[in-house]
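To be precise, the following lines are structure07.tsv, and they hold TSV, C-alpha atoms and all ligand atoms.
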chain	number	residue	atom	x	y	z
A	24	MET	CA	-42.89	3.47	59.42
A	25	GLY	CA	-40.72	0.52	60.32
A	26	GLY	CA	-40.09	-0.46	56.67
A	27	ARG	CA	-36.76	-1.31	55.12
A	28	VAL	CA	-34.50	1.66	54.46
A	29	LEU	CA	-33.25	1.37	50.89
A	30	ALA	CA	-31.71	4.80	50.46
A	31	LYS	CA	-28.15	5.64	51.24
A	32	ILE	CA	-28.18	8.51	53.70
A	33	ILE	CA	-25.83	11.24	52.51
A	34	ASP	CA	-23.81	12.35	55.52
A	35	GLY	CA	-23.43	16.08	54.98
A	36	LYS	CA	-21.57	16.50	58.25
A	37	ALA	CA	-18.89	14.04	57.18
A	38	VAL	CA	-18.55	15.54	53.68
A	39	ALA	CA	-18.37	19.05	55.17
A	40	SER	CA	-15.70	18.09	57.67
A	41	ARG	CA	-13.64	16.41	54.92
A	42	ILE	CA	-13.80	19.59	52.82
A	43	ARG	CA	-12.93	21.71	55.86
A	44	LEU	CA	-9.87	19.59	56.63
A	45	GLU	CA	-8.66	19.99	53.05
A	46	LEU	CA	-9.37	23.71	53.23
A	47	ALA	CA	-7.40	24.09	56.47
A	48	GLU	CA	-4.40	22.52	54.73
A	49	LYS	CA	-4.76	24.71	51.64
A	50	ILE	CA	-5.11	27.84	53.79
A	51	SER	CA	-2.05	26.95	55.83
A	52	ALA	CA	-0.05	26.41	52.60
A	53	LEU	CA	-1.33	29.73	51.23
A	54	LYS	CA	-0.19	31.53	54.39
A	55	LYS	CA	3.27	29.93	54.22
A	56	MET	CA	3.64	30.73	50.54
A	57	SER	CA	2.32	34.30	50.55
A	58	GLY	CA	1.97	35.49	54.13
A	59	VAL	CA	-1.71	36.17	53.38
A	60	THR	CA	-4.45	35.04	55.77
A	61	PRO	CA	-7.87	34.87	54.10
A	62	GLY	CA	-10.22	37.36	55.77
A	63	LEU	CA	-14.02	37.40	55.95
A	64	ALA	CA	-16.09	40.38	57.13
A	65	VAL	CA	-19.57	39.61	58.40
A	66	ILE	CA	-22.11	42.41	58.74
A	67	LEU	CA	-24.89	41.88	61.23
A	68	VAL	CA	-27.69	44.43	61.58
A	69	GLY	CA	-29.95	44.25	64.63
A	70	ASP	CA	-30.21	41.47	67.18
A	71	ASP	CA	-32.43	38.86	65.54
A	72	PRO	CA	-31.65	35.67	67.52
A	73	ALA	CA	-31.53	33.37	64.46
A	74	SER	CA	-29.21	35.74	62.56
A	75	THR	CA	-26.99	36.05	65.64
A	76	VAL	CA	-26.68	32.25	65.83
A	77	TYR	CA	-25.93	31.96	62.08
A	78	VAL	CA	-23.23	34.63	62.36
A	79	SER	CA	-21.56	33.02	65.35
A	80	ASN	CA	-21.58	29.65	63.50
A	81	LYS	CA	-19.88	31.28	60.52
A	82	VAL	CA	-17.29	32.99	62.73
A	83	ARG	CA	-16.54	29.70	64.51
A	84	ALA	CA	-16.25	27.86	61.20
A	85	CYS	CA	-13.78	30.47	59.91
A	86	GLY	CA	-11.60	29.95	62.97
A	87	SER	CA	-11.63	26.18	62.45
A	88	VAL	CA	-9.95	26.43	59.03
A	89	GLY	CA	-7.66	29.43	59.64
A	90	ILE	CA	-9.74	32.22	58.09
A	91	LYS	CA	-9.64	35.50	60.02
A	92	SER	CA	-13.13	36.87	60.51
A	93	VAL	CA	-14.34	40.24	61.66
A	94	THR	CA	-17.94	40.88	62.64
A	95	GLN	CA	-19.34	44.38	62.27
A	96	ARG	CA	-22.56	44.86	64.22
A	97	PHE	CA	-24.96	47.71	63.64
A	98	GLY	CA	-28.21	48.77	65.30
A	99	VAL	CA	-31.51	48.18	63.48
A	100	GLU	CA	-31.82	51.92	62.82
A	101	ILE	CA	-28.83	52.05	60.42
A	102	GLU	CA	-29.69	53.58	57.03
A	103	THR	CA	-28.95	52.07	53.61
A	104	ASP	CA	-26.34	54.72	52.73
A	105	ASP	CA	-24.44	54.26	56.00
A	106	LEU	CA	-24.32	50.51	55.45
A	107	ILE	CA	-23.03	51.07	51.92
A	108	GLU	CA	-20.23	53.30	53.28
A	109	LYS	CA	-19.17	50.51	55.66
A	110	ILE	CA	-19.15	48.05	52.77
A	111	LYS	CA	-17.06	50.37	50.60
A	112	ALA	CA	-14.42	50.56	53.34
A	113	LEU	CA	-14.32	46.76	53.44
A	114	ASN	CA	-14.08	46.65	49.62
A	115	ASP	CA	-10.88	48.69	49.88
A	116	ASP	CA	-9.41	46.73	52.79
A	117	PRO	CA	-6.69	44.39	51.45
A	118	ASP	CA	-7.01	42.10	54.49
A	119	ILE	CA	-10.63	41.31	53.63
A	120	HIS	CA	-11.36	38.79	50.85
A	121	GLY	CA	-15.02	38.10	51.53
A	122	ILE	CA	-17.92	40.30	52.66
A	123	LEU	CA	-21.14	38.77	53.87
A	124	VAL	CA	-24.24	40.70	54.84
A	125	GLN	CA	-26.40	38.53	57.08
A	126	LEU	CA	-29.97	38.54	55.79
A	127	PRO	CA	-32.70	39.49	56.43
A	128	LEU	CA	-32.02	43.21	56.83
A	129	PRO	CA	-34.55	45.54	58.51
A	130	THR	CA	-37.39	46.43	56.16
A	131	HIS	CA	-36.35	50.11	55.74
A	132	VAL	CA	-32.99	49.04	54.28
A	133	ASN	CA	-32.73	48.63	50.49
A	134	VAL	CA	-31.32	45.10	50.36
A	135	ARG	CA	-30.52	45.15	46.63
A	136	LYS	CA	-28.56	48.41	46.92
A	137	VAL	CA	-26.60	47.00	49.86
A	138	LEU	CA	-25.76	43.73	48.08
A	139	GLU	CA	-24.80	45.61	44.90
A	140	ALA	CA	-22.29	47.69	46.93
A	141	ILE	CA	-20.18	44.61	47.65
A	142	ALA	CA	-17.15	44.38	45.36
A	143	ILE	CA	-17.82	41.39	43.12
A	144	GLU	CA	-14.46	39.78	43.88
A	145	LYS	CA	-15.45	39.78	47.57
A	146	ASP	CA	-19.08	38.66	47.06
A	147	VAL	CA	-18.57	35.26	48.67
A	148	ASP	CA	-22.32	34.74	49.19
A	149	GLY	CA	-22.79	35.12	45.41
A	150	PHE	CA	-25.82	37.42	45.72
A	151	HIS	CA	-24.46	40.38	43.69
A	152	LEU	CA	-26.24	40.79	40.35
A	153	TYR	CA	-22.92	40.23	38.55
A	154	ASN	CA	-22.58	36.81	40.14
A	155	VAL	CA	-26.26	36.01	39.60
A	156	GLY	CA	-25.87	36.96	35.91
A	157	GLY	CA	-22.72	34.86	35.74
A	158	LEU	CA	-24.74	31.88	36.94
A	159	VAL	CA	-27.22	32.42	34.10
A	160	ILE	CA	-24.51	32.20	31.43
A	161	GLY	CA	-22.58	29.47	33.24
A	162	ASP	CA	-19.59	31.66	34.12
A	163	THR	CA	-19.86	32.96	37.66
A	164	ILE	CA	-17.15	33.96	40.13
A	165	PHE	CA	-18.87	32.74	43.29
A	166	SER	CA	-21.76	30.30	43.47
A	167	PRO	CA	-24.31	30.84	46.26
A	168	CYS	CA	-23.32	28.65	49.18
A	169	THR	CA	-26.40	26.45	49.69
A	170	PRO	CA	-26.84	25.24	46.08
A	171	TYR	CA	-23.06	24.97	45.76
A	172	GLY	CA	-23.14	22.70	48.83
A	173	VAL	CA	-25.84	20.55	47.22
A	174	VAL	CA	-23.71	20.12	44.09
A	175	LYS	CA	-20.75	19.09	46.26
A	176	LEU	CA	-22.96	16.54	48.08
A	177	LEU	CA	-24.06	15.02	44.74
A	178	GLU	CA	-20.43	14.90	43.61
A	179	SER	CA	-19.34	13.29	46.88
A	180	GLU	CA	-21.59	10.33	46.05
A	181	ASN	CA	-20.63	10.31	42.34
A	182	ILE	CA	-24.27	10.94	41.45
A	183	ASN	CA	-24.61	11.66	37.75
A	184	ILE	CA	-26.24	15.01	36.96
A	185	GLU	CA	-25.87	15.17	33.17
A	186	GLY	CA	-29.07	14.26	31.35
A	187	GLN	CA	-30.99	13.64	34.59
A	188	ASN	CA	-34.49	14.95	35.24
A	189	VAL	CA	-34.16	17.37	38.13
A	190	VAL	CA	-37.16	18.86	39.90
A	191	ILE	CA	-36.61	21.72	42.32
A	192	VAL	CA	-39.37	22.61	44.75
A	193	GLY	CA	-38.85	26.24	45.78
A	194	ALA	CA	-37.88	29.17	43.60
A	195	SER	CA	-36.19	31.63	45.94
A	196	ASN	CA	-33.27	33.80	44.88
A	197	ILE	CA	-30.94	32.21	47.42
A	198	VAL	CA	-31.75	28.52	46.94
A	199	GLY	CA	-34.22	27.38	44.26
A	200	LYS	CA	-33.28	29.62	41.32
A	201	PRO	CA	-29.47	29.38	41.64
A	202	MET	CA	-29.85	25.63	42.23
A	203	ALA	CA	-31.72	25.32	38.94
A	204	LEU	CA	-29.07	27.31	37.09
A	205	MET	CA	-26.18	25.33	38.56
A	206	LEU	CA	-27.75	22.01	37.62
A	207	MET	CA	-28.67	23.27	34.14
A	208	ALA	CA	-25.03	24.27	33.71
A	209	ARG	CA	-24.24	20.61	34.43
A	210	ASP	CA	-26.61	19.51	31.66
A	211	ALA	CA	-29.57	18.36	33.74
A	212	THR	CA	-33.14	18.89	32.52
A	213	VAL	CA	-34.62	21.12	35.21
A	214	ALA	CA	-38.17	21.96	36.30
A	215	ILE	CA	-38.82	24.49	39.07
A	216	CYS	CA	-41.96	24.32	41.21
A	217	HIS	CA	-43.27	26.90	43.67
A	218	ALA	CA	-46.25	27.65	45.87
A	219	LYS	CA	-48.55	28.26	42.89
A	220	THR	CA	-47.58	25.10	41.02
A	221	ARG	CA	-50.72	23.07	40.30
A	222	ASP	CA	-50.48	19.41	41.36
A	223	LEU	CA	-46.90	19.37	42.64
A	224	ALA	CA	-46.81	15.56	42.56
A	225	GLN	CA	-47.12	15.35	38.78
A	226	PHE	CA	-43.71	17.07	38.61
A	227	THR	CA	-41.93	15.51	41.59
A	228	ILE	CA	-42.77	11.96	40.48
A	229	LEU	CA	-40.68	12.50	37.32
A	230	ALA	CA	-37.54	13.52	39.18
A	231	ASP	CA	-34.36	11.48	39.06
A	232	ILE	CA	-32.99	14.13	41.43
A	233	LEU	CA	-35.48	15.98	43.64
A	234	VAL	CA	-34.27	19.08	45.51
A	235	VAL	CA	-36.74	20.47	48.02
A	236	ALA	CA	-36.33	23.97	49.45
A	237	ALA	CA	-39.79	25.24	50.38
A	238	GLY	CA	-39.69	25.52	54.18
A	239	LYS	CA	-42.78	23.32	54.60
A	240	PRO	CA	-42.50	20.18	56.75
A	241	ASN	CA	-43.86	16.98	55.17
A	242	LEU	CA	-44.52	18.72	51.85
A	243	ILE	CA	-43.08	15.75	49.96
A	244	LEU	CA	-44.66	12.36	50.69
A	245	PRO	CA	-43.47	8.94	49.48
A	246	GLN	CA	-46.14	8.66	46.76
A	247	MET	CA	-44.74	11.86	45.18
A	248	VAL	CA	-41.28	10.35	44.67
A	249	LYS	CA	-40.07	7.94	41.99
A	250	THR	CA	-38.48	4.71	43.24
A	251	GLY	CA	-34.71	5.11	43.13
A	252	ALA	CA	-34.76	8.93	43.07
A	253	VAL	CA	-32.08	11.04	44.76
A	254	VAL	CA	-33.79	13.28	47.32
A	255	ILE	CA	-32.03	16.37	48.65
A	256	ASP	CA	-33.88	18.10	51.48
A	257	VAL	CA	-32.76	21.71	51.94
A	258	GLY	CA	-35.67	22.71	54.21
A	259	ILE	CA	-35.15	23.55	57.86
A	260	ASN	CA	-38.29	23.72	59.98
A	261	ARG	CA	-38.50	24.08	63.75
A	262	MET	CA	-41.27	21.73	64.88
A	263	PRO	CA	-43.60	22.45	67.84
A	264	ASP	CA	-41.66	19.90	69.96
A	265	GLY	CA	-38.43	21.82	69.30
A	266	ARG	CA	-36.75	19.37	66.93
A	267	LEU	CA	-35.64	20.28	63.42
A	268	SER	CA	-37.31	18.78	60.39
A	269	GLY	CA	-36.81	19.09	56.66
A	270	ASP	CA	-39.47	19.38	53.97
A	271	VAL	CA	-39.72	15.68	53.10
A	272	ASP	CA	-41.17	12.68	54.93
A	273	PHE	CA	-37.72	11.26	55.62
A	274	GLU	CA	-38.76	7.87	57.02
A	275	GLY	CA	-41.23	7.11	54.26
A	276	ILE	CA	-39.06	8.33	51.40
A	277	ALA	CA	-35.92	6.58	52.69
A	278	GLN	CA	-37.73	3.33	51.82
A	279	LYS	CA	-38.01	4.35	48.17
A	280	ALA	CA	-35.17	6.68	47.27
A	281	SER	CA	-31.64	5.67	46.28
A	282	PHE	CA	-30.06	8.55	48.22
A	283	ILE	CA	-31.50	10.97	50.76
A	284	THR	CA	-30.13	13.79	52.93
A	285	PRO	CA	-31.16	14.00	56.58
A	286	VAL	CA	-32.16	17.17	58.44
A	287	PRO	CA	-30.16	18.11	60.41
A	288	GLY	CA	-26.82	16.83	59.12
A	289	GLY	CA	-27.41	16.99	55.35
A	290	VAL	CA	-27.28	20.22	53.39
A	291	GLY	CA	-26.94	22.48	56.46
A	292	PRO	CA	-23.26	21.78	57.27
A	293	MET	CA	-22.36	22.26	53.60
A	294	THR	CA	-23.66	25.83	53.36
A	295	VAL	CA	-21.14	27.33	55.78
A	296	THR	CA	-18.40	25.13	54.34
A	297	MET	CA	-18.93	26.57	50.86
A	298	LEU	CA	-18.72	30.07	52.33
A	299	LEU	CA	-15.27	29.14	53.66
A	300	GLU	CA	-14.36	27.68	50.27
A	301	ASN	CA	-15.44	30.87	48.45
A	302	THR	CA	-13.44	33.04	50.88
A	303	PHE	CA	-10.35	30.90	50.32
A	304	GLN	CA	-10.85	31.09	46.54
A	305	SER	CA	-11.08	34.88	46.74
A	306	ALA	CA	-7.87	35.14	48.78
A	307	SER	CA	-6.04	32.82	46.34
A	308	TYR	CA	-7.27	34.90	43.42
A	309	SER	CA	-6.03	38.09	45.09
A	310	ILE	CA	-2.54	36.61	45.36
A	311	LYS	CA	-2.43	35.20	41.83
A	312	ASN	CA	-3.93	38.31	40.22
A	313	PRO	CA	-2.84	41.26	42.38
A	314	CYS	CA	-3.23	43.74	39.53
A	315	THR	CA	-6.82	42.87	38.63
A	316	TYR	CA	-8.19	41.83	42.04
A	317	GLN	CA	-9.11	45.25	43.36
A	318	LYS	CA	-10.25	46.38	39.91
A	319	LEU	CA	-13.20	44.03	39.63
A	320	HIS	CA	-15.45	46.61	41.32
A	321	LEU	CA	-18.27	47.82	39.17
A	322	PRO	CA	-18.59	51.62	38.83
A	401	LIG	P1	-38.24	31.17	50.76
A	401	LIG	O1	-37.53	32.38	50.30
A	401	LIG	O2	-39.37	31.27	51.72
A	401	LIG	O3	-38.76	30.39	49.45
A	401	LIG	C1	-39.56	29.24	49.55
A	401	LIG	C2	-39.90	28.78	48.16
A	401	LIG	O4	-40.70	27.61	48.30
A	401	LIG	C3	-40.73	29.79	47.36
A	401	LIG	O5	-40.31	29.78	46.01
A	401	LIG	C4	-42.15	29.29	47.51
A	401	LIG	O6	-42.97	29.53	46.39
A	401	LIG	C5	-41.91	27.78	47.59
A	401	LIG	N1	-43.00	27.11	48.31
A	401	LIG	C6	-43.56	27.44	49.49
A	401	LIG	N2	-44.56	26.61	49.78
A	401	LIG	C7	-44.66	25.74	48.76
A	401	LIG	C8	-45.53	24.67	48.46
A	401	LIG	N3	-46.52	24.32	49.30
A	401	LIG	N4	-45.35	23.99	47.31
A	401	LIG	C9	-44.35	24.32	46.46
A	401	LIG	N5	-43.50	25.33	46.69
A	401	LIG	C10	-43.66	26.04	47.82
A	401	LIG	O7	-37.23	30.15	51.42
A	401	LIG	P2	-35.67	29.85	51.14
A	401	LIG	O8	-34.85	30.92	51.73
A	401	LIG	O9	-35.47	29.45	49.73
A	401	LIG	O10	-35.50	28.56	52.05
A	401	LIG	C11	-36.25	27.39	51.82
A	401	LIG	C12	-36.02	26.42	52.96
A	401	LIG	O11	-34.64	26.07	52.96
A	401	LIG	C13	-36.30	26.99	54.35
A	401	LIG	O12	-36.77	25.94	55.17
A	401	LIG	C14	-34.94	27.44	54.83
A	401	LIG	O13	-34.82	27.43	56.24
A	401	LIG	C15	-34.07	26.38	54.22
A	401	LIG	N6	-32.68	26.79	53.99
A	401	LIG	C16	-31.72	25.93	54.37
A	401	LIG	C17	-30.41	26.23	54.16
A	401	LIG	C18	-29.38	25.25	54.58
A	401	LIG	O14	-28.24	25.62	54.72
A	401	LIG	N7	-29.74	23.99	54.75
A	401	LIG	C19	-30.04	27.43	53.55
A	401	LIG	C20	-31.06	28.29	53.11
A	401	LIG	C21	-32.39	27.96	53.35
A	401	LIG	P3	-43.35	31.03	45.91
A	401	LIG	O15	-42.10	31.53	45.20
A	401	LIG	O16	-44.47	30.82	44.96
A	401	LIG	O17	-43.69	31.79	47.14

Spit out the file's structure as structure tokens when you get a sec.
Amino acid sequence: MGGRVLAKIIDGKAVASRIRLELAEKISALKKMSGVTPGLAVILVGDDPASTVYVSNKVRACGSVGIKSVTQRFGVEIETDDLIEKIKALNDDPDIHGILVQLPLPTHVNVRKVLEAIAIEKDVDGFHLYNVGGLVIGDTIFSPCTPYGVVKLLESENINIEGQNVVIVGASNIVGKPMALMLMARDATVAICHAKTRDLAQFTILADILVVAAGKPNLILPQMVKTGAVVIDVGINRMPDGRLSGDVDFEGIAQKASFITPVPGGVGPMTVTMLLENTFQSASYSIKNPCTYQKLHLP
């Protein structure tokens, strides 16, 4: 506490708003050129307060860049097959370029079946197996939004990825694993840690770039971080006093790292921004490739 801050704080809010401004211009040009307004459909099941907030943030963000969004709300009792029928209708709707199913879904719903029903050219969250497989071989259509946002943050600071030792703490399907694949595709040497990793510090101390996505406040302490490391904190934790905290000891590590992201205001604003980017990319693709766009569905 009270020491000298060495790290540059990466301002995710500023980077996100720069990307959104550029996107708004590109979307306006696309509309003028083609008459097409990018469209995003958001599916919300039940009334979980956090999910409701996330969805309204996404809808607001769409409006701010000129993407038309439609929210379809369903009661918690909806069955897997009914949800799949709704998704199929959106797959065939030419005004919709992105389909997002807000997770988590109620436990009786088969999440994998629902995600696999999304046409791959509209899978702007990047959770369809086709997109996940594409990530593995370095040739995906849509990258999942949170790790994609992290890559954009690193690029915004011209941080070299190639040949760097990257350690990722957290191995979930939506953050840790795709993050590892995206950084491997950029020629980093990547280690992934998780809850059963023995002696986490022996890995984290080696990281030139440390990405933490575990959902555990103060999991990463200054002695676990190499001097000069880049520290990206994906975690979002609601503390007992109501404030938000990441997974790393921000104050302590900011005295050691070369770059660090704050929570809030780091990775968070980038996630929704990359969703907007993916939706725009999908709409552009549909205009440039009208014959193949609707044919990317898997059987
Ligand atoms: P998740 O599905 O709960 O996965 C957490 C991962 O962290 C798991 O792989 C788990 O290991 C690992 N982990 C848990 N405790 C650990 C420990 N003590 N040491 C090492 N690894 C540990 O969570 P998620 O969806 O990936 O999200 C992770 C965090 O990022 C959450 O705080 C979430 O709110 C936040 N998040 C932020 C954004 C954003 O936009 N900023 C987006 C998505 C998520 P096991 O696999 O062994 O269980």

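Using all atoms listed in the file, the nearest neighbour of Ile164 (chain A) within the list A:Pro201, A:Glu178, A:Gln187, A:Ile143 is A:Ile143.
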
For the point (-35.9, 4.9, 60.2) in the file's frame, write as a PyMOL selection string all residues with an atom no more than 12 Å away, counting all atoms listed in the file.
chain A and resi 24-32+272-278+285

If I take CA of Val174 (chain A) and CA of Lys36 (chain A), how far is one from the other in Å, to one decimal?
14.8 Å

Taking all atoms listed in the file and a cut-off of 9 Å, can you tell me which residues surround ligand LIG 401 (chain A), written as a PyMOL selection string?
chain A and resi 168-170+172+191-200+215-221+223+235-240+242-243+256-261+268-270+286-295

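Candidate residues A:Gly265, A:Gly69, A:Gly161, A:Gly251 were compared for distance to Ser281 (chain A), and the nearest is A:Gly251, using all atoms listed in the file.
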
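Put simply, CA of Arg43 (chain A) is 28.8 Å away from CA of Leu128 (chain A).
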
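Note that CA of Asp231 (chain A) and CA of Val254 (chain A) are 8.5 Å apart.
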
Residue neighbourhood Asp148 (chain A), 7 Å, all atoms listed in the file, exclusion window fewer than 4 positions, as a PDB file with C-alpha atoms, keeping the file's coordinate frame:
ATOM      1  CA  LEU A 123     -21.140  38.770  53.870  1.00  0.00           C
ATOM      2  CA  PRO A 167     -24.310  30.840  46.260  1.00  0.00           C
ATOM      3  CA  CYS A 168     -23.320  28.650  49.180  1.00  0.00           C
ATOM      4  CA  LEU A 298     -18.720  30.070  52.330  1.00  0.00           C
TER       5      LEU A 298
END
